[in-house]
>>> print(open('model_10.cif').read())   # mmCIF, C-alpha atoms
data_query
loop_
_atom_site.label_atom_id
_atom_site.label_comp_id
_atom_site.auth_asym_id
_atom_site.auth_seq_id
_atom_site.Cartn_x
_atom_site.Cartn_y
_atom_site.Cartn_z
CA MET A 507 -16.32 -5.28 6.96
CA SER A 508 -18.64 -7.61 8.84
CA ASP A 509 -17.36 -6.49 12.27
CA ALA A 510 -17.53 -2.77 11.47
CA PRO A 511 -19.82 -0.75 13.75
CA GLN A 512 -23.38 -0.17 12.58
CA MET A 513 -23.85 3.58 12.44
CA PRO A 514 -27.37 5.11 12.43
CA LYS A 515 -28.83 6.06 9.08
CA PRO A 516 -28.49 9.77 8.26
CA GLN A 517 -31.58 11.89 8.77
CA VAL A 518 -30.55 14.61 6.33
CA ARG A 519 -28.75 14.63 2.98
CA GLU A 520 -27.05 17.45 1.14
CA VAL A 521 -29.11 19.35 -1.44
CA ALA A 522 -28.23 22.40 -3.51
CA ALA A 523 -29.35 25.73 -2.09
CA HIS A 524 -31.37 28.19 -4.16
CA ASP A 525 -28.84 30.93 -4.86
CA ILE A 526 -28.09 33.38 -7.63
CA GLY A 527 -24.99 35.15 -8.84
CA GLY A 528 -23.86 37.75 -6.37
CA GLY A 529 -22.74 40.27 -8.97
CA LEU A 530 -26.29 41.18 -9.98
CA ALA A 531 -27.43 41.29 -6.35
CA LEU A 532 -24.49 43.54 -5.43
CA LEU A 533 -25.27 45.87 -8.33
CA LEU A 534 -28.95 46.13 -7.39
CA GLY A 535 -27.99 46.74 -3.76
CA LEU A 536 -25.64 49.57 -4.69
CA ILE A 537 -28.30 51.08 -6.95
CA GLY A 538 -30.75 50.85 -4.08
CA LEU A 539 -28.32 52.66 -1.78
CA LEU A 540 -27.79 55.40 -4.36
CA VAL A 541 -31.52 55.75 -4.91
CA GLY A 542 -32.15 55.84 -1.18
CA ALA A 543 -29.41 58.42 -0.61
CA GLY A 544 -30.69 60.52 -3.51
CA THR A 545 -34.24 60.35 -2.20
CA VAL A 546 -33.12 61.46 1.27
CA ILE A 547 -31.13 64.34 -0.17
CA GLY A 548 -34.04 65.35 -2.40
CA GLY A 549 -36.46 65.18 0.50
CA ALA A 550 -34.16 67.28 2.62
CA ALA A 551 -33.91 69.86 -0.15
CA VAL A 552 -37.70 69.96 -0.57
CA SER A 553 -38.17 70.34 3.18
CA SER A 554 -35.78 73.26 3.33
CA ASP A 555 -37.35 75.11 0.36
CA GLY A 556 -40.99 74.01 0.63
CA PRO A 557 -43.54 72.38 2.85
CA ALA A 558 -42.32 69.64 5.22
CA ALA A 559 -45.37 67.51 4.36
CA VAL A 560 -43.68 66.67 1.03
CA GLY A 561 -40.06 66.47 2.12
CA VAL A 562 -40.47 64.25 5.19
CA PRO A 563 -42.14 61.36 3.33
CA LEU A 564 -39.37 61.51 0.75
CA ILE A 565 -36.75 61.32 3.50
CA LEU A 566 -38.53 58.36 5.13
CA LEU A 567 -38.86 56.66 1.76
CA GLY A 568 -35.15 57.11 1.09
CA VAL A 569 -34.27 55.69 4.50
CA VAL A 570 -36.49 52.66 3.89
CA ILE A 571 -34.94 52.09 0.46
CA GLY A 572 -31.43 52.34 1.91
CA ILE A 573 -32.19 49.96 4.77
CA THR A 574 -33.82 47.51 2.36
CA ALA A 575 -30.76 47.63 0.08
CA ILE A 576 -28.40 47.03 3.00
CA PHE A 577 -30.58 44.18 4.27
CA ALA A 578 -30.65 42.61 0.79
CA MET A 579 -26.87 42.79 0.50
CA CYS A 580 -26.59 40.83 3.75
CA GLY A 581 -27.43 37.80 1.63
CA LEU A 582 -24.15 38.06 -0.27
CA ASN A 583 -21.57 35.33 0.36
CA MET A 584 -17.99 34.93 -0.78
CA VAL A 585 -17.41 31.21 -1.47
CA ALA A 586 -13.80 30.24 -2.15
CA PRO A 587 -12.80 27.09 -4.08
CA GLY A 588 -12.76 24.11 -1.75
CA GLU A 589 -15.40 25.62 0.51
CA ALA A 590 -19.17 25.34 0.92
CA ARG A 591 -21.89 27.17 2.82
CA VAL A 592 -24.55 25.24 4.73
CA VAL A 593 -27.70 27.38 4.64
CA GLN A 594 -30.38 27.31 7.36
CA LEU A 595 -33.63 29.22 7.53
CA PHE A 596 -34.93 29.57 11.10
CA GLY A 597 -33.15 26.34 12.09
CA ARG A 598 -34.29 24.35 9.04
CA TYR A 599 -31.71 23.11 6.55
CA VAL A 600 -32.50 24.50 3.09
CA GLY A 601 -29.39 23.59 1.09
CA THR A 602 -25.67 23.97 0.52
CA ILE A 603 -23.87 26.50 -1.67
CA ARG A 604 -20.97 24.86 -3.51
CA ASN A 605 -20.57 27.30 -6.43
CA ASP A 606 -17.51 29.41 -5.79
CA GLY A 607 -17.46 33.16 -6.22
CA LEU A 608 -19.92 35.79 -5.03
CA ARG A 609 -23.36 34.24 -4.40
CA TRP A 610 -26.62 35.57 -2.98
CA VAL A 611 -29.23 33.77 -0.90
CA ASN A 612 -32.14 34.78 1.30
CA PRO A 613 -30.78 37.35 3.80
CA LEU A 614 -32.87 35.78 6.57
CA THR A 615 -30.85 32.59 6.42
CA SER A 616 -27.72 31.72 8.39
CA ARG A 617 -24.71 30.33 6.53
CA GLU A 618 -22.03 28.11 8.06
CA LYS A 619 -18.71 27.71 6.27
CA ILE A 620 -17.48 24.14 5.74
CA SER A 621 -14.15 23.25 4.14
CA THR A 622 -14.37 20.53 1.49
CA ARG A 623 -10.61 20.38 0.92
CA VAL A 624 -8.59 17.20 1.42
CA ARG A 625 -7.25 16.96 4.97
CA ASN A 626 -4.73 14.88 6.88
CA HIS A 627 -5.19 13.43 10.32
CA GLU A 628 -2.28 11.70 12.03
CA THR A 629 -2.93 9.74 15.18
CA PRO A 630 -0.50 9.88 18.09
CA VAL A 631 1.63 6.82 18.76
CA LEU A 632 -0.79 4.33 20.33
CA LYS A 633 0.28 1.50 22.62
CA VAL A 634 -1.94 -1.60 22.28
CA ASN A 635 -1.69 -5.37 22.48
CA ASP A 636 -1.69 -7.32 19.23
CA ALA A 637 -3.56 -10.58 18.60
CA TYR A 638 -0.87 -12.54 20.50
CA GLY A 639 -0.99 -10.18 23.47
CA ASN A 640 2.36 -8.53 22.72
CA PRO A 641 2.46 -4.78 23.45
CA ILE A 642 3.14 -2.81 20.28
CA GLU A 643 3.26 0.83 19.26
CA LEU A 644 1.62 2.10 16.09
CA ALA A 645 0.38 5.29 14.48
CA ALA A 646 -1.48 6.02 11.27
CA VAL A 647 -2.21 8.91 8.94
CA VAL A 648 -5.62 9.27 7.30
CA VAL A 649 -6.40 11.42 4.25
CA TRP A 650 -10.06 12.45 4.17
CA ARG A 651 -12.48 15.08 2.98
CA VAL A 652 -16.07 16.15 3.65
CA GLU A 653 -18.34 14.63 1.02
CA ASP A 654 -21.78 15.54 2.42
CA THR A 655 -21.81 18.90 4.20
CA ALA A 656 -25.30 18.42 5.62
CA GLN A 657 -24.32 15.21 7.39
CA ALA A 658 -21.08 16.77 8.64
CA VAL A 659 -23.00 19.62 10.28
CA PHE A 660 -26.22 17.97 11.47
CA GLU A 661 -25.49 14.26 11.98
CA VAL A 662 -22.57 14.63 14.43
CA ASP A 663 -21.74 17.19 17.07
CA ASP A 664 -18.22 18.01 15.81
CA PHE A 665 -17.12 16.19 12.67
CA LEU A 666 -13.42 17.02 13.21
CA GLU A 667 -13.42 15.42 16.66
CA PHE A 668 -15.59 12.59 15.34
CA VAL A 669 -13.07 11.70 12.63
CA SER A 670 -10.20 11.89 15.11
CA THR A 671 -11.91 9.60 17.64
CA GLN A 672 -13.11 7.07 15.08
CA THR A 673 -9.67 6.92 13.45
CA GLU A 674 -8.03 6.07 16.76
CA ALA A 675 -10.73 3.47 17.47
CA ALA A 676 -10.25 1.83 14.07
CA VAL A 677 -6.46 1.70 14.44
CA ARG A 678 -6.78 0.09 17.87
CA HIS A 679 -9.30 -2.43 16.58
CA ILE A 680 -7.11 -3.43 13.65
CA ALA A 681 -4.09 -3.78 15.97
CA ILE A 682 -5.83 -6.22 18.31
CA GLU A 683 -7.20 -8.26 15.41
CA TYR A 684 -3.81 -9.16 13.88
CA PRO A 685 -0.39 -10.04 15.27
CA TYR A 686 2.74 -8.00 14.69
CA ASP A 687 4.42 -11.11 13.21
CA ALA A 688 2.39 -14.19 12.29
CA HIS A 689 3.63 -17.57 13.52
CA GLU A 690 1.82 -19.34 10.68
CA GLU A 691 3.08 -18.90 7.15
CA ASP A 692 -0.35 -18.13 5.66
CA GLY A 693 -1.49 -15.84 8.50
CA LEU A 694 -1.84 -12.09 8.12
CA SER A 695 0.43 -9.87 10.21
CA LEU A 696 0.80 -6.14 10.68
CA ARG A 697 4.43 -6.13 9.54
CA GLY A 698 4.32 -8.76 6.82
CA ASN A 699 1.02 -7.81 5.14
CA ALA A 700 0.99 -4.03 5.27
CA GLU A 701 -1.03 -3.58 2.07
CA GLU A 702 -3.81 -5.95 3.10
CA ILE A 703 -4.00 -4.52 6.60
CA THR A 704 -4.19 -0.91 5.37
CA GLU A 705 -7.01 -1.89 3.02
CA LYS A 706 -8.91 -3.34 5.96
CA LEU A 707 -8.17 -0.21 7.98
CA ALA A 708 -9.51 2.02 5.19
CA ALA A 709 -12.66 -0.10 4.88
CA GLU A 710 -13.37 0.04 8.61
CA LEU A 711 -12.67 3.77 8.73
CA ALA A 712 -15.05 4.38 5.84
CA ALA A 713 -17.80 2.51 7.69
CA ARG A 714 -17.16 4.43 10.90
CA VAL A 715 -17.14 7.98 9.45
CA GLU A 716 -19.83 7.50 6.81
CA ALA A 717 -22.43 8.92 9.21
CA ALA A 718 -20.54 12.23 9.26
CA GLY A 719 -20.55 12.55 5.47
CA VAL A 720 -16.78 11.99 5.31
CA ARG A 721 -14.97 10.04 2.60
CA ILE A 722 -11.65 8.33 3.32
CA VAL A 723 -9.16 8.94 0.51
CA GLU A 724 -6.24 6.92 1.91
CA SER A 725 -4.91 5.53 5.18
CA ARG A 726 -1.42 4.33 6.04
CA PHE A 727 0.52 3.19 9.09
CA THR A 728 3.32 5.64 9.85
CA HIS A 729 4.78 3.90 12.89
CA LEU A 730 4.84 0.20 13.79
CA ALA A 731 7.15 -1.32 16.39
CA TYR A 732 7.23 -3.49 19.47
CA ALA A 733 6.91 -1.68 22.79
CA PRO A 734 10.29 -0.91 24.41
CA GLU A 735 9.81 -3.43 27.24
CA ILE A 736 9.77 -6.40 24.83
CA ALA A 737 11.62 -4.96 21.85
CA SER A 738 14.97 -6.56 22.79
CA ALA A 739 13.41 -10.00 23.36
CA MET A 740 11.53 -9.85 20.06
CA LEU A 741 14.69 -8.72 18.29
CA GLN A 742 16.51 -11.80 19.56
CA ARG A 743 13.64 -13.94 18.32
CA GLN A 744 13.79 -12.34 14.88
CA GLN A 745 17.57 -12.74 14.77
CA ALA A 746 17.27 -16.42 15.75
CA GLY A 747 14.73 -16.96 13.00
CA ALA A 748 17.01 -15.26 10.49
CA VAL A 749 19.97 -17.43 11.56
CA VAL A 750 17.88 -20.61 11.25
CA ALA A 751 16.64 -19.59 7.81
CA ALA A 752 20.18 -18.77 6.67
CA ARG A 753 21.53 -22.08 7.98
CA ARG A 754 18.76 -23.95 6.23
CA GLN A 755 19.63 -22.28 2.95
CA ILE A 756 23.34 -23.01 3.44
CA VAL A 757 22.65 -26.68 4.14
CA ASP A 758 20.38 -26.98 1.10
CA GLY A 759 23.08 -25.44 -1.07
CA ALA A 760 25.82 -27.63 0.42
CA VAL A 761 23.83 -30.81 -0.19
CA GLY A 762 23.34 -29.81 -3.82
CA MET A 763 27.05 -29.09 -4.24
CA VAL A 764 28.02 -32.46 -2.73
CA GLU A 765 25.58 -34.28 -4.98
CA ALA A 766 26.99 -32.47 -8.00
CA ALA A 767 30.58 -33.26 -6.96
CA LEU A 768 29.87 -36.99 -6.53
CA ALA A 769 27.95 -37.12 -9.80
CA ARG A 770 30.76 -35.47 -11.76
CA MET A 771 33.41 -37.69 -10.19
CA ALA A 772 31.43 -40.78 -11.10
CA GLU A 773 30.76 -39.43 -14.60
CA HIS A 774 34.42 -38.74 -15.38
CA GLU A 775 35.63 -41.81 -13.46
CA LEU A 776 38.21 -39.77 -11.58
CA VAL A 777 38.36 -42.13 -8.63
CA GLU A 778 36.41 -45.10 -7.35
CA LEU A 779 35.00 -44.60 -3.88
CA ASP A 780 33.39 -47.22 -1.73
CA GLU A 781 30.55 -46.34 0.61
CA GLU A 782 32.84 -45.61 3.53
CA ARG A 783 35.02 -43.23 1.51
CA LYS A 784 31.95 -41.54 0.06
CA ALA A 785 30.64 -41.01 3.57
CA ALA A 786 33.98 -39.54 4.67
CA MET A 787 34.10 -37.26 1.64
CA VAL A 788 30.54 -36.11 2.16
CA GLY A 789 31.25 -35.38 5.80
CA ASN A 790 34.34 -33.36 4.96
CA LEU A 791 32.57 -31.37 2.26
CA MET A 792 29.60 -30.61 4.50
CA VAL A 793 31.91 -29.38 7.25
CA VAL A 794 33.77 -27.13 4.81
CA LEU A 795 30.66 -25.77 3.10
CA CYS A 796 28.50 -25.32 6.19
CA GLY A 797 31.11 -24.07 8.61
CA ASP A 798 31.12 -20.39 9.51
CA ARG A 799 34.92 -20.32 9.71
CA ALA A 800 37.65 -20.99 7.17
CA ALA A 801 38.54 -24.71 6.90
CA GLN A 802 41.91 -25.86 8.30
CA PRO A 803 43.30 -28.56 5.97
CA VAL A 804 44.77 -31.71 7.52
CA LEU A 805 47.19 -33.79 5.46
CA ASN A 806 46.74 -37.54 5.83
CA THR A 807 49.99 -39.31 4.93
CA GLY A 808 48.53 -42.72 5.48
CA THR A 809 45.35 -44.30 4.20
CA LEU A 810 41.75 -43.75 5.07
CA TYR A 811 41.79 -46.85 7.26
CA GLN A 812 44.96 -46.04 9.23
#
>>> encode(input="model_10.cif", output="structure tokens")
Amino acid sequence: MSDAPQMPKPQVREVAAHDIGGGLALLLGLIGLLVGAGTVIGGAAVSSDGPAAVGVPLILLGVVIGITAIFAMCGLNMVAPGEARVVQLFGRYVGTIRNDGLRWVNPLTSREKISTRVRNHETPVLKVNDAYGNPIELAAVVVWRVEDTAQAVFEVDDFLEFVSTQTEAAVRHIAIEYPYDAHEEDGLSLRGNAEEITEKLAAELAARVEAAGVRIVESRFTHLAYAPEIASAMLQRQQAGAVVAARRQIVDGAVGMVEAALARMAEHELVELDEERKAAMVGNLMVVLCGDRAAQPVLNTGTLYQ
């Protein structure tokens, strides 16, 4: 959209982290622990039966091996489907783990868990003025997911709060751009053009949250109504418009029926009517067809001119 906010360009993009399968790393770590424990036990046995100069180094070596194995296993990560791990090394972004299962990375790194599942966000009922200045109430639900984990973590302070705030801002902006009901026939309105308006809402939302690495899947209005203080007045206006439209349709149908009646009478030569009698007949038919009550017949025992 041309009037969508211009967000700053992202400074970081998601890349794949250098990781390996965690099964092999876990196996090597367990072997290291066993080797370290065995070395400590062996050193203790040598120290008790022989010179300490041989046993103590073995004990120290076993302790070092055990600590190294434990430290190496600190790099193991359990990654569930629909999750990712953002990996940092001393504050520098080095990549994202997206492969699910048990994975291993550098133990010196820190890993932050980010959900990449599809999420819903529903705004509270917002009270705003539409394009005509009428107070209205509306709410929307947005379906979204994290597309770029690096942007979600590093480009915004809190991407959950960012999506919530930008969604509310977009809904308010769309509400003030269009009227609840358009006075012109070709004008867009919130109630009459729901599909077009939701497409515009989705486009603006996508532009607003792109900086956070978020992709909008779908957006819909869940609540749309006039504010209570003008709801009764607007209801009367809508009812009046419906009555006028219905009357117009009734009149159009009645005129067609009268034309058909006169044409058939002339075609079959049932009776000859002068202009005055035609006018009287047309008037009677229009009253009968357009009236909202049952017609009360009046018998004329004289002539049309008496």
>>> resolve_selection(input="model_10.cif", expression="the PyMOL selection byres ((chain A and resi 535-550) around 8)", output="PyMOL selection string")
chain A and resi 531-534+551-554+560-572+574-576+578-579
>>> atom_distance(input="model_10.cif", atom1="CA of Gly639 (chain A)", atom2="CA of Glu724 (chain A)")
28.0 Å
>>> resolve_selection(input="model_10.cif", expression="the PyMOL selection byres ((chain A and resi 703) around 12)", output="ChimeraX atom specification")
/A:646,676-677,679-686,693-702,704-710,725-727
>>> resolve_selection(input="model_10.cif", expression="the PyMOL selection byres ((chain A and resi 729) around 9)", output="PyMOL selection string")
chain A and resi 631+643-646+727-728+730-731
>>> atom_distance(input="model_10.cif", atom1="CA of Thr615 (chain A)", atom2="CA of Val662 (chain A)")
21.3 Å
>>> closest_atom_pairs(input="model_10.cif", of="region 602-651 of chain A", to="region 590-597 of chain A", cutoff="10 Å", atoms="all atoms listed in the file", output="tab-separated table")
residue	atom	partner	partner_atom	distance
A:Thr602	CA	A:Val592	CA	4.5
A:Ile603	CA	A:Arg591	CA	5.0
A:Arg604	CA	A:Ala590	CA	4.8
A:Asn605	CA	A:Ala590	CA	7.7
A:Asp606	CA	A:Ala590	CA	8.0
A:Val611	CA	A:Val593	CA	8.6
A:Asn612	CA	A:Leu595	CA	8.5
A:Pro613	CA	A:Leu595	CA	9.4
A:Leu614	CA	A:Leu595	CA	6.7
A:Thr615	CA	A:Leu595	CA	4.5
A:Ser616	CA	A:Gln594	CA	5.3
A:Arg617	CA	A:Val593	CA	4.6
A:Glu618	CA	A:Val592	CA	5.1
A:Lys619	CA	A:Arg591	CA	4.7
A:Ile620	CA	A:Ala590	CA	5.2
A:Ser621	CA	A:Ala590	CA	6.3
A:Thr622	CA	A:Ala590	CA	6.8
A:Arg623	CA	A:Ala590	CA	9.9
>>> atom_distance(input="model_10.cif", atom1="CA of Gly607 (chain A)", atom2="CA of Val518 (chain A)")
25.9 Å
>>> closest_residue(input="model_10.cif", among="A:Glu628, A:Asp636, A:Glu653, A:Asp758", to="Glu589 (chain A)", atoms="only C-alpha atoms")
A:Glu653
